[in-house]
$ cat protein16.tsv   # TSV, C-alpha atoms
chain	number	residue	atom	x	y	z
A	1	ASP	CA	17.63	-16.96	77.05
A	2	ALA	CA	19.23	-20.04	78.58
A	3	GLY	CA	20.62	-21.24	75.28
A	4	VAL	CA	20.34	-24.79	73.97
A	5	ILE	CA	19.89	-27.24	76.83
A	6	GLN	CA	21.00	-30.85	76.66
A	7	SER	CA	20.60	-33.67	79.11
A	8	PRO	CA	22.21	-35.66	80.48
A	9	ARG	CA	25.65	-34.08	80.27
A	10	HIS	CA	27.33	-37.44	80.78
A	11	GLU	CA	26.00	-40.92	80.18
A	12	VAL	CA	27.76	-44.20	80.84
A	13	THR	CA	25.98	-47.35	79.79
A	14	GLU	CA	26.68	-50.91	78.88
A	15	MET	CA	26.60	-52.34	75.40
A	16	GLY	CA	23.13	-53.36	74.36
A	17	GLN	CA	21.31	-50.84	76.52
A	18	GLU	CA	19.00	-48.16	75.18
A	19	VAL	CA	20.25	-44.58	75.40
A	20	THR	CA	18.10	-41.46	75.09
A	21	LEU	CA	19.62	-38.02	74.71
A	22	ARG	CA	17.49	-34.91	75.13
A	23	CYS	CA	17.58	-31.41	73.74
A	24	LYS	CA	15.65	-28.20	74.29
A	25	PRO	CA	16.35	-25.65	71.53
A	26	ILE	CA	16.35	-21.89	71.92
A	27	SER	CA	12.80	-20.58	71.98
A	28	GLY	CA	11.71	-19.29	68.60
A	29	HIS	CA	14.25	-21.27	66.62
A	30	ASP	CA	12.83	-23.23	63.70
A	31	TYR	CA	15.72	-25.59	63.02
A	32	LEU	CA	17.23	-28.23	65.25
A	33	PHE	CA	20.38	-30.22	64.48
A	34	TRP	CA	21.94	-33.31	66.04
A	35	TYR	CA	25.72	-33.77	65.66
A	36	ARG	CA	28.22	-36.37	66.78
A	37	GLN	CA	31.86	-35.54	67.52
A	38	THR	CA	34.65	-38.12	67.73
A	39	MET	CA	38.40	-37.87	67.47
A	40	MET	CA	38.42	-40.09	64.39
A	41	ARG	CA	35.61	-38.51	62.38
A	42	GLY	CA	35.35	-34.99	63.79
A	43	LEU	CA	31.97	-33.29	63.88
A	44	GLU	CA	29.27	-34.98	61.82
A	45	LEU	CA	25.71	-33.90	61.18
A	46	LEU	CA	23.34	-36.76	61.99
A	47	ILE	CA	19.89	-35.29	61.34
A	48	TYR	CA	18.10	-31.98	61.32
A	49	PHE	CA	14.52	-30.81	61.73
A	50	ASN	CA	12.60	-27.82	60.44
A	51	ASN	CA	9.42	-26.92	62.29
A	52	ASN	CA	9.53	-30.31	64.05
A	53	VAL	CA	9.72	-32.23	60.75
A	54	PRO	CA	12.84	-34.28	59.93
A	55	ILE	CA	14.39	-32.82	56.78
A	56	ASP	CA	17.56	-34.81	56.28
A	57	ASP	CA	18.58	-37.93	58.19
A	58	SER	CA	21.26	-39.07	55.75
A	59	GLY	CA	23.89	-38.73	58.45
A	60	MET	CA	22.24	-41.20	60.82
A	61	PRO	CA	24.73	-44.05	60.88
A	62	GLU	CA	22.42	-47.02	61.34
A	63	ASP	CA	18.87	-48.06	62.08
A	64	ARG	CA	19.88	-48.27	65.71
A	65	PHE	CA	19.72	-44.48	65.75
A	66	SER	CA	16.42	-42.62	65.75
A	67	ALA	CA	15.43	-39.01	66.45
A	68	LYS	CA	12.14	-37.35	67.19
A	69	MET	CA	10.88	-33.85	67.71
A	70	PRO	CA	7.36	-34.04	69.17
A	71	ASN	CA	7.11	-30.27	69.63
A	72	ALA	CA	9.05	-27.08	69.05
A	73	SER	CA	10.76	-27.19	72.43
A	74	PHE	CA	11.95	-30.78	72.70
A	75	SER	CA	13.88	-33.39	70.73
A	76	THR	CA	15.34	-36.79	71.51
A	77	LEU	CA	18.07	-38.89	69.96
A	78	LYS	CA	17.78	-42.57	70.79
A	79	ILE	CA	20.28	-45.35	70.30
A	80	GLN	CA	19.04	-48.90	70.67
A	81	PRO	CA	20.91	-51.12	71.17
A	82	SER	CA	24.03	-49.12	71.99
A	83	GLU	CA	27.51	-50.28	71.00
A	84	PRO	CA	31.00	-49.21	72.18
A	85	ARG	CA	31.62	-47.48	68.83
A	86	ASP	CA	28.75	-45.12	69.61
A	87	SER	CA	30.89	-43.52	72.31
A	88	ALA	CA	31.19	-39.84	71.38
A	89	VAL	CA	30.03	-36.38	72.30
A	90	TYR	CA	26.58	-35.65	70.91
A	91	PHE	CA	25.66	-32.03	70.29
A	92	CYS	CA	22.33	-30.42	69.65
A	93	ALA	CA	22.15	-27.05	67.89
A	94	SER	CA	19.33	-24.75	66.85
A	95	SER	CA	18.91	-21.82	64.50
A	96	ARG	CA	16.28	-19.44	63.26
A	97	ALA	CA	14.92	-19.41	59.73
A	98	GLY	CA	15.53	-16.14	57.95
A	99	GLY	CA	18.33	-15.23	60.30
A	100	PRO	CA	22.04	-15.49	59.70
A	101	ASP	CA	23.26	-18.95	58.81
A	102	THR	CA	24.46	-19.46	62.37
A	103	GLN	CA	23.77	-22.37	64.64
A	104	TYR	CA	23.76	-22.18	68.42
A	105	PHE	CA	25.19	-25.25	70.07
A	106	GLY	CA	24.35	-26.90	73.35
A	107	PRO	CA	27.08	-28.09	75.74
A	108	GLY	CA	26.87	-31.66	74.49
A	109	THR	CA	26.29	-35.09	76.02
A	110	ARG	CA	29.36	-37.25	76.49
A	111	LEU	CA	28.29	-40.84	75.90
A	112	THR	CA	30.43	-43.79	76.93
A	113	VAL	CA	29.28	-47.28	76.00
A	114	LEU	CA	31.19	-50.00	77.81
B	1	LYS	CA	32.85	-34.61	47.92
B	2	GLN	CA	33.77	-31.49	49.85
B	3	GLU	CA	36.70	-31.91	52.22
B	4	VAL	CA	37.65	-29.31	54.83
B	5	THR	CA	41.18	-29.38	56.23
B	6	GLN	CA	42.76	-27.40	59.02
B	7	ILE	CA	46.50	-27.24	59.47
B	8	PRO	CA	48.17	-27.30	61.92
B	9	ALA	CA	46.20	-29.55	64.25
B	10	ALA	CA	47.74	-27.82	67.26
B	11	LEU	CA	49.49	-24.53	67.88
B	12	SER	CA	51.17	-22.97	70.90
B	13	VAL	CA	52.15	-19.29	71.07
B	14	PRO	CA	53.25	-16.89	73.81
B	15	GLU	CA	50.82	-14.26	74.93
B	16	GLY	CA	50.83	-11.16	72.76
B	17	GLU	CA	51.72	-12.88	69.52
B	18	ASN	CA	49.33	-12.85	66.59
B	19	LEU	CA	47.60	-16.13	65.76
B	20	VAL	CA	47.14	-17.34	62.19
B	21	LEU	CA	44.84	-20.30	61.63
B	22	ASN	CA	44.32	-21.90	58.25
B	23	CYS	CA	41.37	-23.65	56.66
B	24	SER	CA	41.21	-25.15	53.17
B	25	PHE	CA	38.32	-26.69	51.26
B	26	THR	CA	38.31	-28.68	48.05
B	27	ASP	CA	35.12	-27.43	46.37
B	28	SER	CA	34.78	-23.69	45.86
B	29	ALA	CA	31.01	-23.98	45.39
B	30	ILE	CA	30.02	-22.74	48.83
B	31	TYR	CA	27.45	-20.34	50.23
B	32	ASN	CA	29.56	-19.29	53.18
B	33	LEU	CA	32.31	-20.22	55.60
B	34	GLN	CA	32.17	-19.93	59.38
B	35	TRP	CA	34.75	-19.98	62.11
B	36	PHE	CA	33.77	-21.50	65.45
B	37	ARG	CA	35.43	-21.70	68.83
B	38	GLN	CA	35.11	-24.75	71.08
B	39	ASP	CA	36.17	-24.72	74.70
B	40	PRO	CA	36.83	-28.02	76.52
B	41	GLY	CA	33.60	-29.69	77.59
B	42	LYS	CA	31.47	-27.11	75.83
B	43	GLY	CA	29.68	-26.63	72.57
B	44	LEU	CA	30.72	-24.54	69.62
B	45	THR	CA	30.36	-20.77	69.44
B	46	SER	CA	30.22	-19.02	66.10
B	47	LEU	CA	32.87	-16.32	65.78
B	48	LEU	CA	32.62	-15.06	62.22
B	49	LEU	CA	30.59	-15.88	59.13
B	50	ILE	CA	31.84	-14.90	55.67
B	51	GLN	CA	29.45	-15.04	52.74
B	52	SER	CA	30.88	-16.38	49.48
B	53	SER	CA	30.71	-12.89	47.96
B	54	GLN	CA	32.80	-11.38	50.75
B	55	ARG	CA	36.56	-11.28	51.12
B	56	GLU	CA	36.79	-10.78	54.87
B	57	GLN	CA	34.96	-10.20	58.13
B	58	THR	CA	36.18	-8.53	61.29
B	59	SER	CA	35.08	-8.63	64.89
B	60	GLY	CA	37.29	-7.00	67.49
B	61	ARG	CA	40.67	-8.71	67.48
B	62	LEU	CA	39.43	-11.33	65.02
B	63	ASN	CA	39.72	-11.07	61.26
B	64	ALA	CA	38.80	-13.81	58.81
B	65	SER	CA	39.61	-13.77	55.12
B	66	LEU	CA	38.17	-15.89	52.35
B	67	ASP	CA	39.70	-16.73	48.97
B	68	LYS	CA	37.03	-18.89	47.43
B	69	SER	CA	38.83	-19.51	44.17
B	70	SER	CA	41.82	-21.04	45.92
B	71	GLY	CA	39.68	-22.75	48.57
B	72	ARG	CA	41.26	-21.04	51.54
B	73	SER	CA	40.31	-19.09	54.61
B	74	THR	CA	42.50	-17.64	57.32
B	75	LEU	CA	41.54	-16.57	60.82
B	76	TYR	CA	43.78	-13.93	62.38
B	77	ILE	CA	43.66	-13.25	66.10
B	78	ALA	CA	45.63	-10.17	67.05
B	79	ALA	CA	47.57	-9.84	70.29
B	80	SER	CA	46.64	-13.27	71.62
B	81	GLN	CA	45.62	-13.75	75.25
B	82	PRO	CA	45.49	-16.87	77.43
B	83	GLY	CA	41.71	-16.66	77.19
B	84	ASP	CA	42.03	-17.35	73.46
B	85	SER	CA	43.13	-20.89	74.24
B	86	ALA	CA	40.56	-23.19	72.65
B	87	THR	CA	39.95	-25.31	69.57
B	88	TYR	CA	39.00	-23.36	66.46
B	89	LEU	CA	36.94	-25.04	63.74
B	90	CYS	CA	35.99	-23.83	60.31
B	91	ALA	CA	32.89	-25.00	58.48
B	92	VAL	CA	31.55	-24.48	54.98
B	93	ARG	CA	28.01	-24.63	53.68
B	94	PRO	CA	28.09	-26.28	50.25
B	95	ARG	CA	26.29	-24.61	47.36
B	96	LEU	CA	23.89	-27.46	46.83
B	97	PRO	CA	20.10	-27.69	46.75
B	98	ASP	CA	18.59	-27.92	50.23
B	99	SER	CA	21.96	-27.41	51.90
B	100	TRP	CA	20.79	-24.85	54.44
B	101	GLY	CA	22.24	-25.82	57.77
B	102	LYS	CA	24.31	-28.70	56.38
B	103	LEU	CA	27.69	-27.49	57.48
B	104	GLN	CA	30.86	-29.47	56.81
B	105	PHE	CA	33.46	-29.02	59.50
B	106	GLY	CA	37.21	-29.23	59.60
B	107	ALA	CA	38.87	-31.19	62.37
B	108	GLY	CA	39.97	-28.02	64.15
B	109	THR	CA	43.16	-26.41	65.37
B	110	GLN	CA	43.86	-26.62	69.09
B	111	VAL	CA	45.41	-23.36	70.29
B	112	VAL	CA	47.30	-22.79	73.52
B	113	VAL	CA	48.36	-19.26	74.46
B	114	THR	CA	50.97	-19.31	77.21
B	115	PRO	CA	51.25	-16.41	79.68

$ encode --input "protein16.tsv" --output "structure tokens"
Amino acid sequence: DAGVIQSPRHEVTEMGQEVTLRCKPISGHDYLFWYRQTMMRGLELLIYFNNNVPIDDSGMPEDRFSAKMPNASFSTLKIQPSEPRDSAVYFCASSRAGGPDTQYFGPGTRLTVL
Amino acid sequence: KQEVTQIPAALSVPEGENLVLNCSFTDSAIYNLQWFRQDPGKGLTSLLLIQSSQREQTSGRLNASLDKSSGRSTLYIAASQPGDSATYLCAVRPRLPDSWGKLQFGAGTQVVVTP
């Protein structure tokens, strides 16, 4: 298996622009997680899905952030409009229900908002 | 609110020495604790998972202990190698309803093993 795939790996945009991050989980995994990592706040869970349904979005910082999972093999995290304080590394992770409580992380998308 | 702390933030040791990494958490009501490794520019890789009922887990040169009552876990890496250089994070899953997957992470300890 190729593991969790994220795209793009790097994104540089200007304040006010829309940003869309993409994730393909490991095939057969039921859960998908979106995290944000910054020096100040560390690794934070933003939202997670079970069988394509959002379960907990309490970590989503503002209404500017939205996430979707239209099918079992694809998810997006959208920021609109983007702000400089959104600059961070965004990780996607997936795991399998009934398996060990272990999440498999993608390589991350480094977002810079100028 | 659960807080997870890792001290020190950075650590440098010569090759061959044993590494000792510490993790503390404020609320002992947890399902499990995990140790992850993060290499620069990459995602996290799970190293060891300790259930709340367990005292330790071992994998090769890695050994993790858990003292839930005192809110502490320690990751030991024996005979360190330059390839062990990375950031190590611990994470707990709180014992709360619907907490599956809701891990709380420490800030990590950055380790450098010098040849």

$ interface_residues --input "protein16.tsv" --of "chain A" --to "chain B" --cutoff "7 Å" --atoms "all atoms listed in the file" --output "JSON, numbers by chain"
{"A": [42, 43, 102, 104, 105, 106, 107, 108]}

$ write_last_selection --input "protein16.tsv" --atoms "C-alpha atoms" --output "mmCIF file, in the coordinates of the input"
data_model
loop_
_atom_site.group_PDB
_atom_site.id
_atom_site.type_symbol
_atom_site.label_atom_id
_atom_site.label_comp_id
_atom_site.auth_asym_id
_atom_site.auth_seq_id
_atom_site.Cartn_x
_atom_site.Cartn_y
_atom_site.Cartn_z
ATOM 1 C CA GLY A 42 35.350 -34.990 63.790
ATOM 2 C CA LEU A 43 31.970 -33.290 63.880
ATOM 3 C CA THR A 102 24.460 -19.460 62.370
ATOM 4 C CA TYR A 104 23.760 -22.180 68.420
ATOM 5 C CA PHE A 105 25.190 -25.250 70.070
ATOM 6 C CA GLY A 106 24.350 -26.900 73.350
ATOM 7 C CA PRO A 107 27.080 -28.090 75.740
ATOM 8 C CA GLY A 108 26.870 -31.660 74.490
#

$ residues_around --input "protein16.tsv" --residues "stretch 18-31 of chain A" --least-positions-apart "5" --cutoff "8 Å" --atoms "all atoms listed in the file" --output "PyMOL selection string"
chain A and resi 1-8+13+48-52+72-82+92-97+109

$ closest_residue --input "protein16.tsv" --among "B:Val20, B:Ala29, B:Val111, B:Ala9" --to "B:Pro94" --atoms "only C-alpha atoms"
B:Ala29

$ residues_around --input "protein16.tsv" --residues "B:Val113" --least-positions-apart "6" --cutoff "10 Å" --atoms "only C-alpha atoms" --output "mmCIF file with C-alpha atoms, keeping the file's coordinate frame"
data_model
loop_
_atom_site.group_PDB
_atom_site.id
_atom_site.type_symbol
_atom_site.label_atom_id
_atom_site.label_comp_id
_atom_site.auth_asym_id
_atom_site.auth_seq_id
_atom_site.Cartn_x
_atom_site.Cartn_y
_atom_site.Cartn_z
ATOM 1 C CA LEU B 11 49.490 -24.530 67.880
ATOM 2 C CA SER B 12 51.170 -22.970 70.900
ATOM 3 C CA VAL B 13 52.150 -19.290 71.070
ATOM 4 C CA PRO B 14 53.250 -16.890 73.810
ATOM 5 C CA GLU B 15 50.820 -14.260 74.930
ATOM 6 C CA GLY B 16 50.830 -11.160 72.760
ATOM 7 C CA GLU B 17 51.720 -12.880 69.520
ATOM 8 C CA LEU B 19 47.600 -16.130 65.760
ATOM 9 C CA SER B 80 46.640 -13.270 71.620
ATOM 10 C CA GLN B 81 45.620 -13.750 75.250
ATOM 11 C CA PRO B 82 45.490 -16.870 77.430
ATOM 12 C CA GLY B 83 41.710 -16.660 77.190
ATOM 13 C CA ASP B 84 42.030 -17.350 73.460
ATOM 14 C CA SER B 85 43.130 -20.890 74.240
ATOM 15 C CA ALA B 86 40.560 -23.190 72.650
#

$ closest_residue --input "protein16.tsv" --among "B:Arg61, B:Lys1, B:Arg55, B:Arg37" --to "B:Phe25" --atoms "all atoms listed in the file"
B:Lys1

$ residues_around --input "protein16.tsv" --residues "A:Glu44" --least-positions-apart "2" --cutoff "10 Å" --atoms "all atoms listed in the file" --output "MDAnalysis selection string"
(chainID A and resid 34:38 41:42 46:47 59:60 90:91) or (chainID B and resid 102:105)

$ axis_aligned_box --input "protein16.tsv" --around "stretch 13-25 of chain A" --padding-each-side "4 Å" --output "AutoDock Vina command-line options"
--center_x 21.2 --center_y -39.5 --center_z 75.7 --size_x 19.0 --size_y 35.7 --size_z 16.3

$ atom_distance --input "protein16.tsv" --atom1 "atom CA of A:Glu62" --atom2 "atom CA of A:Ala88"
15.1 Å

$ decode --input "protein16.tsv" --residues "stretch 40-60 of chain A" --atoms "N, CA, C and O atoms" --output "PDB file, in the first residue's frame"
ATOM      1  N   MET A  40       3.791  26.885  17.889  1.00  0.00           N
ATOM      2  CA  MET A  40       3.161  27.446  19.092  1.00  0.00           C
ATOM      3  C   MET A  40       2.187  26.472  19.755  1.00  0.00           C
ATOM      4  O   MET A  40       2.126  26.371  20.969  1.00  0.00           O
ATOM      5  N   ARG A  41       1.403  25.753  18.953  1.00  0.00           N
ATOM      6  CA  ARG A  41       0.312  24.961  19.492  1.00  0.00           C
ATOM      7  C   ARG A  41       0.526  23.455  19.358  1.00  0.00           C
ATOM      8  O   ARG A  41      -0.312  22.672  19.833  1.00  0.00           O
ATOM      9  N   GLY A  42       1.615  23.059  18.705  1.00  0.00           N
ATOM     10  CA  GLY A  42       1.871  21.632  18.537  1.00  0.00           C
ATOM     11  C   GLY A  42       0.913  21.010  17.540  1.00  0.00           C
ATOM     12  O   GLY A  42       0.448  21.662  16.606  1.00  0.00           O
ATOM     13  N   LEU A  43       0.581  19.759  17.780  1.00  0.00           N
ATOM     14  CA  LEU A  43      -0.280  18.998  16.879  1.00  0.00           C
ATOM     15  C   LEU A  43      -1.704  19.016  17.420  1.00  0.00           C
ATOM     16  O   LEU A  43      -1.960  18.572  18.539  1.00  0.00           O
ATOM     17  N   GLU A  44      -2.624  19.519  16.617  1.00  0.00           N
ATOM     18  CA  GLU A  44      -4.018  19.654  17.032  1.00  0.00           C
ATOM     19  C   GLU A  44      -4.925  18.896  16.074  1.00  0.00           C
ATOM     20  O   GLU A  44      -4.776  19.009  14.862  1.00  0.00           O
ATOM     21  N   LEU A  45      -5.874  18.173  16.636  1.00  0.00           N
ATOM     22  CA  LEU A  45      -6.881  17.506  15.823  1.00  0.00           C
ATOM     23  C   LEU A  45      -7.932  18.521  15.397  1.00  0.00           C
ATOM     24  O   LEU A  45      -8.511  19.206  16.233  1.00  0.00           O
ATOM     25  N   LEU A  46      -8.181  18.616  14.103  1.00  0.00           N
ATOM     26  CA  LEU A  46      -9.171  19.566  13.592  1.00  0.00           C
ATOM     27  C   LEU A  46     -10.546  18.910  13.451  1.00  0.00           C
ATOM     28  O   LEU A  46     -11.548  19.430  13.933  1.00  0.00           O
ATOM     29  N   ILE A  47     -10.580  17.770  12.778  1.00  0.00           N
ATOM     30  CA  ILE A  47     -11.833  17.087  12.496  1.00  0.00           C
ATOM     31  C   ILE A  47     -11.528  15.643  12.166  1.00  0.00           C
ATOM     32  O   ILE A  47     -10.420  15.332  11.721  1.00  0.00           O
ATOM     33  N   TYR A  48     -12.505  14.745  12.419  1.00  0.00           N
ATOM     34  CA  TYR A  48     -12.313  13.393  11.932  1.00  0.00           C
ATOM     35  C   TYR A  48     -13.630  12.804  11.441  1.00  0.00           C
ATOM     36  O   TYR A  48     -14.716  13.221  11.856  1.00  0.00           O
ATOM     37  N   PHE A  49     -13.490  11.869  10.511  1.00  0.00           N
ATOM     38  CA  PHE A  49     -14.609  11.223   9.839  1.00  0.00           C
ATOM     39  C   PHE A  49     -14.604   9.722  10.143  1.00  0.00           C
ATOM     40  O   PHE A  49     -13.547   9.115  10.299  1.00  0.00           O
ATOM     41  N   ASN A  50     -15.808   9.154  10.182  1.00  0.00           N
ATOM     42  CA  ASN A  50     -15.959   7.715  10.250  1.00  0.00           C
ATOM     43  C   ASN A  50     -16.899   7.301   9.134  1.00  0.00           C
ATOM     44  O   ASN A  50     -18.029   7.805   9.068  1.00  0.00           O
ATOM     45  N   ASN A  51     -16.429   6.424   8.262  1.00  0.00           N
ATOM     46  CA  ASN A  51     -17.246   6.022   7.114  1.00  0.00           C
ATOM     47  C   ASN A  51     -17.806   7.229   6.363  1.00  0.00           C
ATOM     48  O   ASN A  51     -19.002   7.280   6.037  1.00  0.00           O
ATOM     49  N   ASN A  52     -16.939   8.192   6.129  1.00  0.00           N
ATOM     50  CA  ASN A  52     -17.213   9.393   5.328  1.00  0.00           C
ATOM     51  C   ASN A  52     -18.084  10.416   6.052  1.00  0.00           C
ATOM     52  O   ASN A  52     -18.383  11.469   5.481  1.00  0.00           O
ATOM     53  N   VAL A  53     -18.488  10.152   7.267  1.00  0.00           N
ATOM     54  CA  VAL A  53     -19.364  11.060   8.003  1.00  0.00           C
ATOM     55  C   VAL A  53     -18.532  11.818   9.044  1.00  0.00           C
ATOM     56  O   VAL A  53     -17.794  11.196   9.816  1.00  0.00           O
ATOM     57  N   PRO A  54     -18.646  13.159   9.089  1.00  0.00           N
ATOM     58  CA  PRO A  54     -17.909  13.904  10.111  1.00  0.00           C
ATOM     59  C   PRO A  54     -18.438  13.571  11.503  1.00  0.00           C
ATOM     60  O   PRO A  54     -19.640  13.659  11.746  1.00  0.00           O
ATOM     61  N   ILE A  55     -17.538  13.174  12.392  1.00  0.00           N
ATOM     62  CA  ILE A  55     -17.920  12.768  13.737  1.00  0.00           C
ATOM     63  C   ILE A  55     -17.698  13.898  14.743  1.00  0.00           C
ATOM     64  O   ILE A  55     -18.523  14.137  15.611  1.00  0.00           O
ATOM     65  N   ASP A  56     -16.572  14.557  14.638  1.00  0.00           N
ATOM     66  CA  ASP A  56     -16.237  15.588  15.606  1.00  0.00           C
ATOM     67  C   ASP A  56     -15.443  16.682  14.905  1.00  0.00           C
ATOM     68  O   ASP A  56     -14.349  16.425  14.418  1.00  0.00           O
ATOM     69  N   ASP A  57     -16.018  17.860  14.828  1.00  0.00           N
ATOM     70  CA  ASP A  57     -15.320  18.988  14.191  1.00  0.00           C
ATOM     71  C   ASP A  57     -15.028  20.085  15.214  1.00  0.00           C
ATOM     72  O   ASP A  57     -14.835  21.250  14.840  1.00  0.00           O
ATOM     73  N   SER A  58     -14.990  19.716  16.476  1.00  0.00           N
ATOM     74  CA  SER A  58     -14.803  20.717  17.530  1.00  0.00           C
ATOM     75  C   SER A  58     -13.435  21.384  17.472  1.00  0.00           C
ATOM     76  O   SER A  58     -13.239  22.453  18.033  1.00  0.00           O
ATOM     77  N   GLY A  59     -12.508  20.789  16.782  1.00  0.00           N
ATOM     78  CA  GLY A  59     -11.178  21.371  16.657  1.00  0.00           C
ATOM     79  C   GLY A  59     -11.020  22.337  15.499  1.00  0.00           C
ATOM     80  O   GLY A  59      -9.982  22.997  15.386  1.00  0.00           O
ATOM     81  N   MET A  60     -12.020  22.442  14.669  1.00  0.00           N
ATOM     82  CA  MET A  60     -11.949  23.375  13.531  1.00  0.00           C
ATOM     83  C   MET A  60     -11.951  24.786  14.096  1.00  0.00           C
ATOM     84  O   MET A  60     -12.888  25.180  14.815  1.00  0.00           O
TER      85      MET A  60
END
